[in-house]
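Participant: After the structure tokens below, expect a handful of questions from me.
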Amino acid sequence: MSRIPETFKKLQAQKKKALIPFVTAGDPTPAMTVSIMHALVFAGADIVELGVPFSDPMADGPTIQRSSERALKHGVGLKDVLGFVREFRTSNSTTPVVLMGYANPIEAMGHESFAASAHEAGVDGVLVVDCPPEESKQLVELLKKRGLDSIFLLSPTSEEGRIEQVGRMASGYIYYVSLKGVTGAANIDLQEVAAKLPQIRSHIRLPIGVGFGIRDAQTARAIASVSDAVVIGSRLVQEIESSSPDRVIGNLSTLLGGIRRAMDEA
């Protein structure tokens with residue numbers, strides 16, 4: 001079993017919601033990735049989503065696309081990302097790490113090799129953005145054998161059949177995309193999110209994290225009031241992009257710490 005279910009169980013006992021930050025591995029430089037992961041945990045992250053750089057990240061908006069481009073310029077690939085997780089595990093054995101990316105790098109490595117390497121590195125879950133449930137059976141089974149969770153996306157346009165299908169295959173948590181569009185595209189409609197989550201919960205017992213469009217503490221607190229987890233990515237990547245190298249860690253810590261406090265006040 002991965003570290004994810006126990007993390008949600010502990011948070012539920014504390015009456016807290018999970019804070020899940022996303023950053024792209026290798027951005028702004030490979031040397032900073034592990035330090036950034038530790039800083040996010042110190043600032044209040046419960047789970048870290050680590051993006052695998054990809055040349056055609058079709059679900060991501062311009063901000064995260066640029067983060068992939070920066071990482072790729074440094075030559076960061078899937079094996080490097082697993083190396084970052086392995087290094088992170090030398091001093092953190094408790095915080096779940098989820099890899100979020102696209103199918104091509106995993107298929108290039110091979111599903112079986114990837115599942116074994118991810119397990120060995122200390123990965124807890126995998127979210128493959130462009131791999132729908134009907135094309136994920138082999139990978140899900142291989143990950144399950146290694147004790148890793150398979151996390152799937154649902155969206156405002158997900159119909160009953162797709163929700164049921166995801167419910168049969170997913171583990172760890174569900175990532176609910178709060179809006180129609182790419183990451184960082186628009187502001188969240190809280191009422192629309194609150195109306196959709198009961199439909200998902202009627203089919204799936206897993207925790208539901210909500211992401212896409214969360215840009216400040218006020219929005220995070222509002223989303224935390226109706227979900228089990230808040231996922232924030234583009235706003236953090238934007239902070240990395242706009243910060244001087246010596247201020248990246250401090251600025252990220254300040255931003256995420258403020259969001260953590262706001263969520264805990266919800």
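Ligands are numbered from 1 in the order shown, chains are lettered A, B, ... in the order of the structure tokens, and residues start at 1 in each chain.
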Please, which residues of range 157-243 of chain A, numbered as in this document, come out strand (DSSP E) from DSSP, as a ChimeraX atom specification?

Facilitator: /A:174-177,208-211,229-232

Participant: Could you write those residues out with N, CA, C and O atoms, as an mmCIF file, in the first residue's frame?

Facilitator:
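That gives us again_24.cif:
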```cif
data_model
loop_
_atom_site.group_PDB
_atom_site.id
_atom_site.type_symbol
_atom_site.label_atom_id
_atom_site.label_comp_id
_atom_site.auth_asym_id
_atom_site.auth_seq_id
_atom_site.Cartn_x
_atom_site.Cartn_y
_atom_site.Cartn_z
ATOM 1 N N ILE A 174 -9.086 10.914 -6.278
ATOM 2 C CA ILE A 174 -9.557 11.382 -7.582
ATOM 3 C C ILE A 174 -9.124 12.837 -7.747
ATOM 4 O O ILE A 174 -9.231 13.633 -6.818
ATOM 5 N N TYR A 175 -8.653 13.172 -8.918
ATOM 6 C CA TYR A 175 -8.289 14.557 -9.225
ATOM 7 C C TYR A 175 -9.425 15.140 -10.057
ATOM 8 O O TYR A 175 -9.606 14.755 -11.209
ATOM 9 N N TYR A 176 -10.193 16.050 -9.457
ATOM 10 C CA TYR A 176 -11.299 16.670 -10.181
ATOM 11 C C TYR A 176 -10.829 17.980 -10.803
ATOM 12 O O TYR A 176 -10.419 18.904 -10.097
ATOM 13 N N VAL A 177 -10.884 18.029 -12.126
ATOM 14 C CA VAL A 177 -10.521 19.236 -12.877
ATOM 15 C C VAL A 177 -11.708 20.194 -12.802
ATOM 16 O O VAL A 177 -12.775 19.904 -13.327
ATOM 17 N N ILE A 208 -11.508 13.164 -2.859
ATOM 18 C CA ILE A 208 -11.524 13.947 -4.094
ATOM 19 C C ILE A 208 -10.711 15.221 -3.899
ATOM 20 O O ILE A 208 -11.003 16.035 -3.016
ATOM 21 N N GLY A 209 -9.675 15.382 -4.723
ATOM 22 C CA GLY A 209 -8.909 16.615 -4.747
ATOM 23 C C GLY A 209 -9.367 17.471 -5.908
ATOM 24 O O GLY A 209 -9.667 16.958 -6.983
ATOM 25 N N VAL A 210 -9.429 18.769 -5.700
ATOM 26 C CA VAL A 210 -9.882 19.693 -6.748
ATOM 27 C C VAL A 210 -8.716 20.577 -7.172
ATOM 28 O O VAL A 210 -8.039 21.168 -6.323
ATOM 29 N N GLY A 211 -8.487 20.676 -8.464
ATOM 30 C CA GLY A 211 -7.410 21.510 -8.974
ATOM 31 C C GLY A 211 -7.813 22.230 -10.241
ATOM 32 O O GLY A 211 -8.960 22.142 -10.684
ATOM 33 N N ALA A 229 -9.327 17.626 -0.769
ATOM 34 C CA ALA A 229 -7.952 18.088 -1.025
ATOM 35 C C ALA A 229 -7.969 19.240 -2.019
ATOM 36 O O ALA A 229 -8.853 19.323 -2.875
ATOM 37 N N VAL A 230 -6.987 20.104 -1.881
ATOM 38 C CA VAL A 230 -6.810 21.226 -2.797
ATOM 39 C C VAL A 230 -5.489 21.024 -3.539
ATOM 40 O O VAL A 230 -4.443 20.827 -2.915
ATOM 41 N N VAL A 231 -5.557 21.045 -4.867
ATOM 42 C CA VAL A 231 -4.359 20.887 -5.696
ATOM 43 C C VAL A 231 -4.034 22.244 -6.311
ATOM 44 O O VAL A 231 -4.889 22.858 -6.954
ATOM 45 N N ILE A 232 -2.813 22.704 -6.114
ATOM 46 C CA ILE A 232 -2.431 24.008 -6.662
ATOM 47 C C ILE A 232 -1.128 23.859 -7.437
ATOM 48 O O ILE A 232 -0.149 23.331 -6.906
#
```

Participant: Just the residues within 8 Å of range 19-30 of chain A, please, counting only C-alpha atoms, with nothing from its chain fewer than 5 positions along; format it as a ChimeraX atom specification.

Facilitator: /A:40,44-53,64,67-68,70-72,74,76,81,84,229-234,236-237,240-241,260

Participant: Please produce a file of those selected residues containing N, CA, C and O atoms, as a compact mmCIF listing (two decimals), in the first residue's frame.

Facilitator:
```txt
# COMPACT_ATOMS: atom_id res chain seq x y z
N LEU A 40 8.23 22.63 0.19
CA LEU A 40 6.77 22.53 0.10
C LEU A 40 6.21 21.75 1.29
O LEU A 40 5.18 22.13 1.86
N GLY A 44 3.68 23.03 4.54
CA GLY A 44 2.35 22.49 4.83
C GLY A 44 1.78 21.53 3.82
O GLY A 44 0.62 21.13 3.94
N ALA A 45 2.57 21.12 2.83
CA ALA A 45 2.08 20.16 1.84
C ALA A 45 1.88 18.79 2.49
O ALA A 45 2.70 18.34 3.28
N ASP A 46 0.79 18.13 2.12
CA ASP A 46 0.54 16.77 2.60
C ASP A 46 0.95 15.72 1.58
O ASP A 46 1.31 14.60 1.95
N ILE A 47 0.84 16.06 0.32
CA ILE A 47 1.26 15.20 -0.80
C ILE A 47 1.94 16.12 -1.81
O ILE A 47 1.50 17.25 -2.01
N VAL A 48 2.99 15.65 -2.44
CA VAL A 48 3.68 16.44 -3.47
C VAL A 48 3.42 15.81 -4.83
O VAL A 48 3.69 14.62 -5.01
N GLU A 49 2.86 16.61 -5.75
CA GLU A 49 2.73 16.17 -7.14
C GLU A 49 3.93 16.70 -7.91
O GLU A 49 4.17 17.91 -7.94
N LEU A 50 4.68 15.79 -8.52
CA LEU A 50 5.88 16.15 -9.25
C LEU A 50 5.64 15.92 -10.73
O LEU A 50 5.41 14.77 -11.16
N GLY A 51 5.67 17.00 -11.50
CA GLY A 51 5.41 16.89 -12.93
C GLY A 51 6.61 16.34 -13.68
O GLY A 51 7.75 16.74 -13.43
N VAL A 52 6.33 15.42 -14.60
CA VAL A 52 7.38 14.87 -15.47
C VAL A 52 7.42 15.75 -16.72
O VAL A 52 6.43 15.83 -17.45
N PRO A 53 8.53 16.45 -16.98
CA PRO A 53 8.58 17.35 -18.15
C PRO A 53 8.24 16.62 -19.44
O PRO A 53 8.69 15.50 -19.65
N ILE A 64 2.64 26.30 -17.11
CA ILE A 64 3.25 24.99 -16.87
C ILE A 64 3.96 24.50 -18.13
O ILE A 64 4.97 23.79 -18.04
N SER A 67 7.35 25.78 -17.83
CA SER A 67 8.15 25.07 -16.83
C SER A 67 8.71 23.77 -17.41
O SER A 67 9.85 23.39 -17.13
N SER A 68 7.90 23.09 -18.25
CA SER A 68 8.40 21.89 -18.92
C SER A 68 9.54 22.25 -19.86
O SER A 68 10.55 21.53 -19.94
N ARG A 70 11.64 24.72 -19.62
CA ARG A 70 12.86 25.02 -18.84
C ARG A 70 13.54 23.73 -18.39
O ARG A 70 14.77 23.60 -18.46
N ALA A 71 12.72 22.78 -17.92
CA ALA A 71 13.30 21.51 -17.45
C ALA A 71 13.91 20.72 -18.60
O ALA A 71 14.98 20.13 -18.47
N LEU A 72 13.22 20.71 -19.74
CA LEU A 72 13.73 19.96 -20.89
C LEU A 72 15.02 20.56 -21.41
O LEU A 72 15.90 19.83 -21.91
N HIS A 74 17.30 21.58 -19.63
CA HIS A 74 18.34 21.00 -18.77
C HIS A 74 18.47 19.50 -18.98
O HIS A 74 19.22 18.84 -18.26
N VAL A 76 16.16 17.15 -18.49
CA VAL A 76 15.49 16.34 -17.46
C VAL A 76 14.48 15.38 -18.10
O VAL A 76 13.58 15.81 -18.83
N VAL A 81 13.67 12.28 -13.01
CA VAL A 81 12.57 12.54 -12.07
C VAL A 81 12.56 11.46 -10.98
O VAL A 81 12.41 11.76 -9.79
N PHE A 84 15.17 12.21 -8.53
CA PHE A 84 14.80 13.25 -7.56
C PHE A 84 14.00 12.64 -6.40
O PHE A 84 14.20 12.98 -5.24
N ALA A 229 -9.33 17.63 -0.77
CA ALA A 229 -7.95 18.09 -1.03
C ALA A 229 -7.97 19.24 -2.02
O ALA A 229 -8.85 19.32 -2.87
N VAL A 230 -6.99 20.10 -1.88
CA VAL A 230 -6.81 21.23 -2.80
C VAL A 230 -5.49 21.02 -3.54
O VAL A 230 -4.44 20.83 -2.92
N VAL A 231 -5.56 21.05 -4.87
CA VAL A 231 -4.36 20.89 -5.70
C VAL A 231 -4.03 22.24 -6.31
O VAL A 231 -4.89 22.86 -6.95
N ILE A 232 -2.81 22.70 -6.11
CA ILE A 232 -2.43 24.01 -6.66
C ILE A 232 -1.13 23.86 -7.44
O ILE A 232 -0.15 23.33 -6.91
N GLY A 233 -1.15 24.30 -8.71
CA GLY A 233 0.02 24.10 -9.55
C GLY A 233 0.50 25.36 -10.25
O GLY A 233 1.58 25.87 -9.98
N SER A 234 -0.31 25.90 -11.15
CA SER A 234 0.12 27.02 -11.98
C SER A 234 0.60 28.21 -11.15
O SER A 234 1.59 28.86 -11.50
N LEU A 236 2.00 28.23 -8.24
CA LEU A 236 3.33 27.95 -7.69
C LEU A 236 4.39 28.02 -8.78
O LEU A 236 5.48 28.57 -8.57
N VAL A 237 4.08 27.46 -9.94
CA VAL A 237 5.03 27.50 -11.05
C VAL A 237 5.28 28.95 -11.48
O VAL A 237 6.40 29.34 -11.81
N ILE A 240 7.77 30.37 -9.14
CA ILE A 240 9.12 29.92 -9.49
C ILE A 240 9.67 30.74 -10.66
O ILE A 240 10.80 31.20 -10.66
N GLU A 241 8.82 30.93 -11.64
CA GLU A 241 9.23 31.64 -12.86
C GLU A 241 9.59 33.10 -12.59
O GLU A 241 10.52 33.64 -13.20
N ARG A 260 -1.94 27.16 3.28
CA ARG A 260 -2.15 26.16 4.34
C ARG A 260 -2.95 26.75 5.51
O ARG A 260 -3.91 26.15 5.99
```

Participant: Of the residues A:Lys9, A:Val166, A:Arg205, A:Ala118, which is the one nearest to Lys137 in chain A, using only C-alpha atoms?

Facilitator: A:Val166

Participant: Nearest residue to Val34 in chain A out of A:Gln12, A:Ser2, A:Thr90, A:Gln199, using only C-alpha atoms?

Facilitator: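 Of the candidates, the smallest distance to Val34 in chain A is held by A:Thr90.
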
Participant: Contacts of Pro96 in chain A at 6 Å or less, counting only C-alpha atoms, minus same-chain residues fewer than 4 places along, as JSON, numbers by chain?

Facilitator: {"A": [3, 4, 47, 124]}

Participant: Applying 12 Å and only C-alpha atoms, which residues near Glu141 in chain A remain after dropping the ones on its own chain fewer than 4 positions away? List them as a PyMOL selection string.

Facilitator: chain A and resi 111-112+115+133+135-137+145-150+169-171

Participant: Please list as a ChimeraX atom specification every residue within 12 Å of Thr157 in chain A, counting only C-alpha atoms and excluding residues in the same chain fewer than 3 positions away.

Facilitator: /A:153-154,160-163,176-181,192-193,196,199-200

Participant: Using only C-alpha atoms, which residues sit within 12 Å of Lys15 in chain A once same-chain residues fewer than 2 positions away are excluded, as a list of chain:residue names?

Facilitator: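 Here the answer would be A:Phe8, A:Lys9, A:Lys10, A:Leu11, A:Gln12, A:Ala13, A:Lys17, A:Ala18, A:Ala224, A:Ser225, A:Asp228, A:Ala229, A:Met263, A:Asp264, A:Glu265, A:Ala266.
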